[in-house]
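J.: File coords.cif follows (mmCIF, C-alpha atoms):
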```cif
data_final
loop_
_atom_site.label_atom_id
_atom_site.label_comp_id
_atom_site.auth_asym_id
_atom_site.auth_seq_id
_atom_site.Cartn_x
_atom_site.Cartn_y
_atom_site.Cartn_z
CA VAL A 1065 4.96 -47.06 8.60
CA ASP A 1066 1.99 -44.96 9.75
CA SER A 1067 4.20 -42.93 12.07
CA ALA A 1068 6.66 -42.29 9.22
CA ILE A 1069 3.80 -41.04 7.02
CA GLN A 1070 2.52 -38.82 9.84
CA MET A 1071 6.03 -37.42 10.39
CA ALA A 1072 6.38 -36.67 6.67
CA GLN A 1073 3.01 -34.90 6.68
CA MET A 1074 4.02 -32.88 9.74
CA ASP A 1075 7.34 -31.97 8.09
CA ARG A 1076 5.52 -30.89 4.94
CA GLN A 1077 3.08 -28.77 6.95
CA MET A 1078 5.92 -27.17 8.93
CA MET A 1079 7.68 -26.31 5.65
CA LEU A 1080 4.49 -24.75 4.24
CA ASP A 1081 3.97 -22.76 7.44
CA ARG A 1082 7.58 -21.52 7.32
CA LYS A 1083 7.20 -20.47 3.67
CA ALA A 1084 3.99 -18.59 4.50
CA ARG A 1085 5.73 -16.75 7.35
CA GLU A 1086 8.68 -15.89 5.09
CA LYS A 1087 6.33 -14.56 2.40
CA ALA A 1088 4.47 -12.43 4.95
CA ALA A 1089 7.75 -11.09 6.36
CA THR A 1090 9.00 -10.25 2.85
CA SER A 1091 5.75 -8.44 2.06
CA GLU A 1092 6.04 -6.45 5.28
CA SER A 1093 9.65 -5.55 4.49
CA LEU A 1094 8.65 -4.47 0.97
CA LEU A 1095 5.91 -2.24 2.38
CA GLN A 1096 8.53 -0.66 4.66
CA LEU A 1097 10.77 -0.13 1.63
CA LEU A 1098 7.86 1.43 -0.25
CA ALA A 1099 7.31 3.83 2.63
CA GLU A 1100 11.01 4.78 2.56
CA VAL A 1101 10.94 5.55 -1.17
CA ASP A 1102 7.45 7.14 -1.34
CA SER A 1103 8.49 10.65 -0.31
CA ASN A 1104 4.99 12.22 -0.48
CA HIS A 1105 3.36 9.18 1.21
CA ASP A 1106 0.57 8.77 -1.36
CA GLY A 1107 1.10 5.02 -1.78
CA ILE A 1108 2.40 5.48 -5.32
CA ILE A 1109 6.02 5.69 -6.41
CA THR A 1110 6.96 7.91 -9.32
CA PHE A 1111 10.14 7.45 -11.30
CA GLU A 1112 11.63 10.53 -9.61
CA GLU A 1113 10.89 9.12 -6.13
CA LEU A 1114 12.47 5.80 -7.08
CA ARG A 1115 15.48 7.51 -8.67
CA ILE A 1116 16.10 9.52 -5.50
CA GLY A 1117 15.40 6.48 -3.29
CA CYS A 1118 17.95 4.39 -5.18
CA THR A 1119 20.67 6.91 -4.28
CA ARG A 1120 20.00 6.71 -0.53
CA PRO A 1121 22.36 4.41 1.39
CA ASP A 1122 19.60 3.25 3.76
CA VAL A 1123 17.34 2.23 0.86
CA LEU A 1124 20.22 0.52 -0.93
CA MET A 1125 21.12 -1.44 2.22
CA PHE A 1126 17.46 -2.39 2.69
CA MET A 1127 17.27 -3.64 -0.91
CA ASP A 1128 20.52 -5.54 -0.44
CA ALA A 1129 19.14 -7.20 2.71
CA LEU A 1130 16.14 -8.31 0.65
CA GLU A 1131 18.57 -9.70 -1.98
CA ILE A 1132 17.35 -7.23 -4.60
CA ASN A 1133 20.26 -6.06 -6.71
CA ILE A 1134 19.23 -3.43 -9.25
CA THR A 1135 21.78 -0.80 -10.18
CA GLU A 1136 19.67 1.37 -12.50
CA ALA A 1137 16.56 3.10 -11.22
CA GLU A 1138 15.07 3.42 -14.72
CA THR A 1139 15.30 -0.31 -15.36
CA LEU A 1140 13.85 -1.07 -11.94
CA PHE A 1141 10.97 1.34 -12.54
CA GLN A 1142 10.18 -0.24 -15.92
CA LEU A 1143 10.16 -3.69 -14.33
CA LEU A 1144 7.86 -2.59 -11.51
CA ASP A 1145 5.42 -0.49 -13.57
CA SER A 1146 3.57 -3.50 -14.94
CA ASN A 1147 0.67 -1.52 -16.41
CA ASP A 1148 2.88 1.21 -17.94
CA ASP A 1149 0.95 4.06 -16.36
CA GLY A 1150 4.07 5.89 -15.18
CA ALA A 1151 3.46 5.11 -11.50
CA VAL A 1152 4.06 2.10 -9.27
CA ASP A 1153 1.27 1.38 -6.80
CA ILE A 1154 1.47 -0.88 -3.75
CA PRO A 1155 0.48 -4.17 -5.47
CA GLU A 1156 2.85 -3.52 -8.39
CA PHE A 1157 5.66 -2.69 -5.98
CA VAL A 1158 5.21 -5.69 -3.68
CA ASP A 1159 4.63 -8.20 -6.50
CA GLY A 1160 7.42 -6.82 -8.66
CA MET A 1161 9.99 -6.63 -5.88
CA ARG A 1162 9.09 -10.13 -4.70
CA MET A 1163 9.83 -11.43 -8.22
CA LEU A 1164 13.17 -9.62 -8.24
CA LYS A 1165 14.20 -10.98 -4.84
CA GLY A 1166 17.14 -13.37 -4.93
CA GLU A 1167 18.87 -15.10 -7.81
CA ALA A 1168 17.28 -16.05 -11.11
CA LYS A 1169 16.08 -19.63 -11.05
CA SER A 1170 16.59 -22.09 -13.87
CA LEU A 1171 12.86 -21.93 -14.63
CA ASP A 1172 13.09 -18.13 -15.01
CA VAL A 1173 15.96 -18.43 -17.46
CA HIS A 1174 14.23 -21.11 -19.51
CA LEU A 1175 10.99 -19.11 -19.66
CA LEU A 1176 12.95 -16.10 -20.85
CA MET A 1177 14.61 -18.19 -23.54
CA LEU A 1178 11.24 -19.59 -24.64
CA HIS A 1179 9.68 -16.10 -24.88
CA SER A 1180 12.71 -14.89 -26.78
CA GLU A 1181 12.47 -17.75 -29.27
CA LYS A 1182 8.74 -17.12 -29.78
CA THR A 1183 9.37 -13.41 -30.31
CA MET A 1184 12.07 -14.15 -32.87
CA GLU A 1185 9.73 -16.52 -34.72
CA MET A 1186 7.03 -13.83 -34.80
CA CYS A 1187 9.58 -11.34 -36.18
CA ARG A 1188 10.65 -13.81 -38.89
CA SER A 1189 7.02 -14.43 -39.82
CA LEU A 1190 6.31 -10.70 -39.97
CA MET A 1191 9.38 -10.08 -42.12
CA GLN A 1192 8.30 -12.87 -44.50
CA HIS A 1193 4.81 -11.37 -44.72
CA ILE A 1194 6.24 -7.91 -45.51
CA GLN A 1195 8.48 -9.41 -48.21
CA ASP A 1196 5.52 -11.29 -49.68
CA VAL A 1197 3.39 -8.13 -49.77
CA GLN A 1198 6.18 -6.09 -51.32
CA GLY A 1199 6.78 -8.78 -53.91
CA THR A 1200 3.15 -8.71 -55.08
CA THR A 1201 2.96 -4.93 -55.57
#
```
Output the structure of this file as structure tokens.
T.:
Amino acid sequence: VDSAIQMAQMDRQMMLDRKAREKAATSESLLQLLAEVDSNHDGIITFEELRIGCTRPDVLMFMDALEINITEAETLFQLLDSNDDGAVDIPEFVDGMRMLKGEAKSLDVHLLMLHSEKTMEMCRSLMQHIQDVQGTT
């Protein structure tokens, strides 16, 4: 029994080590992609740089190898520019691209549905408030 527990712990540790290596490799690949798209090498991607980068076959193949499938540069830029300052810096790029990597998971879809439902409820509440205010004037 003790040896089975030790083996399970070793398996778990090996899995965690593998995941850490994969994450580091993905981050390194994303930094390489950033360098490919960042034409003036200032560490920041503008929409124009991303738009041009998304037309280059080498960048598209690189994104495909990372399992990132975005067909519109404008949508990709909006997703990456998390602080809406019109530029994508290194942390925004790496974090954003890592989130876009691969297929959507069930959790992602359910979170999106939950946020959508909450937004709709806020809209209904706002509409009711507007109708109440208009009705009293």
J.: Which neighbours of Asp1159 of chain A fall inside 9 Å, counting all atoms listed in the file, when residues of the same chain fewer than 5 positions from it are skipped, and could you give them as an MDAnalysis selection string?
T.: chainID A and resid 1091 1144 1154 1164
J.: Mind giving me the straight-line distance from atom CA of His1174 of chain A to atom CA of Arg1188 of chain A in Å, one decimal?
T.: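 Atom-to-atom, atom CA of His1174 of chain A to atom CA of Arg1188 of chain A, that is 21.0 Å.
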J.: What residues come out when you apply the PyMOL selection byres ((chain A and resi 1106-1113) around 10) to this file, written as a list in words?
T.: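 When the PyMOL selection byres ((chain A and resi 1106-1113) around 10) is applied, the selected residues are Leu1095, Leu1098, Ala1099, Glu1100, Val1101, Asp1102, Ser1103, Asn1104, His1105, Leu1114, Arg1115, Ile1116, Gly1117, Cys1118, Ala1137, Glu1138, Leu1140, Phe1141, Gln1142, Leu1144, Asp1145, Gly1150, Ala1151, Val1152, Asp1153, Ile1154, Pro1155, Glu1156 and Phe1157 of chain A.
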J.: Record the distance separating atom CA of Gly1160 of chain A and atom CA of Thr1090 of chain A, expressed in Å with one decimal.
T.: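 That distance, rounded to one decimal, is 12.1 Å.
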J.: For the structure shown, which residues end up in the PyMOL selection byres ((chain A and resi 1165) around 6)? Put them as a list in words, please?
T.: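 For this structure, the PyMOL selection byres ((chain A and resi 1165) around 6) captures Glu1131, Ile1132, Arg1162, Met1163, Leu1164 and Gly1166 of chain A.
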J.: Could you check how far atom CA of His1193 of chain A sits from atom CA of Ser1180 of chain A, in Å to one decimal?
T.: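 Spanning atom CA of His1193 of chain A to atom CA of Ser1180 of chain A is a straight-line distance of 19.9 Å.
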J.: Ranking A:His1179, A:Arg1120, A:Arg1082, A:Lys1169 by minimum distance to Leu1097 of chain A and counting all atoms listed in the file, which one comes first?
T.: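 Of A:His1179, A:Arg1120, A:Arg1082, A:Lys1169, the one nearest Leu1097 of chain A, counting all atoms listed in the file, is A:Arg1120.
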